[in-house]
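Before any comments, here is the structure.
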Amino acid sequence: MAFDHLSLPHRITGLYNSPYGPGKRTVVVNPSQETLDNIQNRKEHAEILDEKTSIITGDWKVDFDLRNEQGLPSIPESIPLFLQVDPKIFNPDSLRSFGIEIISEEDDGFLIGASADLNLSTLKDKIDKFLNEDGKFKNTASKLWDIVTGKQWRVEHILSKSLLKKWDEIDDAEIIVVDIAIACYIHVPAYPSRGNEEEITEEQFEEKVSRWEAKKQKAELDWGEVSFKRQDELEKFINEHQGKLISSYVDSADSFSCRIEVSGLGLKDLVLNYPYLFEVEEYDNLKQSISVDEELKEHAELEIIGPEYEDPNVCVIDSGIQENHILLEKAIDNNHSISYVKGEEHIVSDLVSGGGHGTRVAGAVLYPNLPIAISVKLNAWIQNVRVLDKNNTMQSSLYPPDLIKDIIEHYNDNYNTRIFNMSITSNSGHITTRMSKWAESIDRETWKRDIIFVIPTGNLKKNQISNYVNNGTNYADYLLLRKSRISNPSQSLFSLTVGSICNGEYEDIDLKSFGEIDFPSSFSRSGLGIWDSIKPELVEYGGDYVVEKNGANKLIFQNKDTSVHLVRSTLNGGPATSIDGVGTSFSAPKVSGILAELQRLFPEESTLLYKALIIQSARWPNKVFNQEARLNFLRLYGYGFPNLERASTNNDFRVTLVNSLNITPKEADIFEVKLPESMRRVGDSFDILVEVTLTFKAIPRRTRVGFRSYLSGWVDWHSSKFGESIEAFEQRLVSGDYNNVDEEDDINQEKIPWVIQSRANGGINDVKLNNNAIQKDWAIIKSNKLTESFCIGVVGHSGWDRDLKSEMPYSIAVSFEAINKDVQLYNKIRIENTIEVKIEV
């Protein structure tokens with residue numbers, strides 16, 4: 001069956017004596033508004049701010065003159081600033097009125113800025129107005145809590161943690177490879193509003209909009225000019241320090257990034273003095289650990305039938321593939337294989353010892369469940385992109401954001417490839433303040449194109465697990481520690497992130513597996529993701545380790561009973577398959593295989609819908625679920641374990657209705673599902689599982705903090721209450737009163753008891769469903785509580801983009817299932833009318 005569509009006085013601690021001391025933070029005690037209301041305290045606060053601006057301008061002029069005397073590379077004439085503002089009421093864009101360009105937003109109200117006003121006269125003027133209660137900006141400076149002097153803040157806030165730890169040890173002559181990000185933000189005014197101008201005509205309003213659109217177009221042109229100018233300035237600075245640019249420039253909406261090679265002296269100069277710099281990370285060689293335990297085994301003769309010409313492509317970005325492998329060769333699109341490994345551009349084979357890595361990943365896409373029957377039909381083409389060398393390492397010449405852009409452009413533009421599997425992550429957890437360059441590049445390309453990325457959560461290494469176990473931290477408690485969070489770029493909002501669960505269990509006299517079947521794998525990194533987003537979204541079988549039961553220093557091993565059966569490379573000998581691998585690298589491609597089948601079945605649909613369908617199919621394992629630990633469960637399992645049958649078909653007891661549309665901010669789409677009377681009779685009490693999944697995408701940017709500042713806009717969904725008419729539901733959406741609950745105890749006016757919900761204290765504490773680009777919720781409802789009309793409202797909201805005409809594509813899936821198979825739903829719901837109404841909020 002197919003789918004149907006559907007505080008304290010102000011004080012500052014001062015600067016630390018050591019200008020480069022690792023791990024030290026500038027601490028600011030924030031003034032309260034009550035304190036500043038006192039005229040004496042207001043005066044004291046303003047005088048402190050004014051004094052600091054004078055110190056900063058004086059220091060900058062001295063430093064700038066000294067640079068010229070010493071013949072150091074020129075830097076842009078702009079003063080770097082570090083401010084702390086009231087994060088609750090201060091809009092970072094307001095820095096413009098202070099004569100300051102925002103460079104980046106940091107945690108706790110801190111902002112990095114730069115001012116081309118070398119006397120900071122505009123900033124001082126605002127401070128004076130605050131002191132004298134003069135003009136419309138008289139209260140603005142009260143929102144400015146502090147201006148930090150010195151340069152220590154640049155070391156603390158611009159460097160990554162790993163680089164900060166070794167900052168003191170960097171020698172001036174040392175050559176170091178780093179990834180950097182440069183801001184180039186251009187302000188766009190807010191979209192015009194009618195406000196209270198009741199007499200304004202439609203023609204007059206359209207004229208206002210036209211003028212605004214002209215300003216927006218000019219801002220876009222200005223951004224290009226500023227970006228090119230800053231790239232030229234940066235490149236000249238690096239060259240004069242005898243460094244070099246390794247990668248191309250990778251643009252974001254408000255910044256660009258690149259990889260450079262530079263001396264320790266050049267790096268220190270860049271970090272301490274370059275005004276538009278906001279991020280520096282040490283090059284991560286992305287060496288992928290591979291856990292295998294070779295097992296020699298004969299392979300039976302098989303009949304392999306290759307995919308059809310029109311079947312979908314899955315691009316495997318990995319260590320290469322043994323393309324002539326007996327199980328893979330008929331599905332390899334070998335005319336379009338590429339190697340990005342420098343010096344080995346002609347080698348696309350998987351040279352990783354012990355059976356390879358990319359070969360195993362490609363096999364998991366095609367054969368999620370080995371062993372297989374004597375005859376098998378393959379339904380997807382594998383495209384081979386080699387980016388890891390024989391040591392399973394990415395070379396420093398390959399800059400991931402640039403690499404990802406190049407790969408996607410090549411395969412999507414030329415071969416319409418829409419599914420990309422990348423079982424490659426960094427060696428540590430993702431950055432928690434802002435989206436990484438790598439993850440943002442994936443999000444940006446996903447926005448621009450109809451594609452989907454599948455990424456694993458990353459693995460904890462054996463020695464990390466051993467340290468936890470031997471230091472008294474039990475499985476699975478250590479999986480929930482901060483150090484076990486998902487790896488970069490798994491926090492990408494528009495990608496599917498996949499964790500691993502146990503496919504088997506083992507125990508003998510000496511050894512025992514960490515988990516039982518369907519329990520989290522002992523190595524699988526956990527969420528939540530950046531800005532408390534739900535990550536991973538899915539889990540698949542990726543194996544488990546076994547550990548010694550006794551002894552003070554327990555050792556960890558692999559075991560056949562807890563490993564996954566995988567295709568392996570035979571280039572260095574060994575069998576065609578073996579039960580020898582564990583890792584999230586092998587759980588992720590199983591999800592890619594399901595997505596490929598969805599594309600084969602629904603080739604004209606968007607990848608947003610494929611994503612919605614696979615998430616809609618996911619379930620938490622009943623045998624593992626703990627009602628009292630739902631947050632931890634969400635962190636480990638996301639939405640659960642996917643199922644191809646649920647993702648691709650209806651049956652007599654389950655119906656899924658779907659739709660894909662575009663939406664703009666301040667607009668809503670309402671979908672009404674009419675439920676047949678036979679399904680909701682008062683005398684019946686069937687358990688009906690209702691599931692709703694929304695996926696959307698918007699334009700990302702990097703310099704700001706938070707989900708709704710990262711995206712140009714965002715979308716969420718809301719449901720009607722029991723017994724609520726479509727008219728009443730529409731009015732509630734129009735008013736924005738999404739969470740209203742009637743005070744009366746009438747059962748027909750209760751809210752549906754969704755599991756997660758969009759309030760941090762509504763369903764699962766500390767999680768907001770609408771802080772995600774993939775939003776699934778579900779509820780089990782007694783059939784006799786259902787009424788004739790069930791409504792879902794999809795609402796568009798503004799993010800950083802001021803254009804209210806900017807469209808965001810989305811897909812929605814709504815399912816009803818009689819979980820005890822005691823009432824047939826499909827035909828009963830199918831014959832009812834599904835009404836779509838579009839309204840303006």
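Just remember, in the structure tokens the first chain shown is A, the second B, etc., residues are 1-based per chain, and ligands are 1-based in the order shown.
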
Item to check | Gly713 (chain A) surroundings by only C-alpha atoms, 7 Å radius, close-in-sequence under 4 positions cut, as a ChimeraX atom specification | outcome: /A:665,698,708,797-801

Compile the contact shell of Asp687 (chain A) as a tab-separated table (two decimals) with C-alpha atoms, in the first residue's frame: residues with an atom at most 8 Å away, counting only C-alpha atoms, same-chain residues fewer than 4 positions apart removed.
```tsv
chain	number	residue	atom	x	y	z
A	780	ILE	CA	-0.51	6.55	22.61
A	781	ILE	CA	-4.15	7.59	22.78
A	782	LYS	CA	-7.26	5.62	23.66
A	783	SER	CA	-9.45	5.50	20.57
A	818	ALA	CA	-3.47	0.28	16.15
A	819	ILE	CA	-0.51	-1.08	18.07
A	820	ASN	CA	-2.37	-4.18	19.27
```

Item to check | Selected residue of minimal separation from Pro368 (chain A) among A:Val148, A:Val567, A:Ile756, A:Cys791, counting only C-alpha atoms | outcome: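 Result for the nearest residue to Pro368 (chain A): A:Val567.
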
Item to check | Minimum-distance residue to Trp223 (chain A), chosen among A:Phe205, A:Phe256, A:Trp620, A:Phe514 (using only C-alpha atoms) | outcome: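 The shortest atom-to-atom distance to Trp223 (chain A) comes from A:Phe256.
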
Next on the checklist: List as number ranges by chain the protein and nucleic acid residues near Gly796 (chain A), meaning an atom at most 8 Å away when only C-alpha atoms are counted, but skip any in the same chain fewer than 5 places from it.
Outcome noted: A: 663-668, 713-716, 808

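For the pair CA of Ser585 (chain A) and CA of Met422 (chain A), the separation is 8.4 Å.
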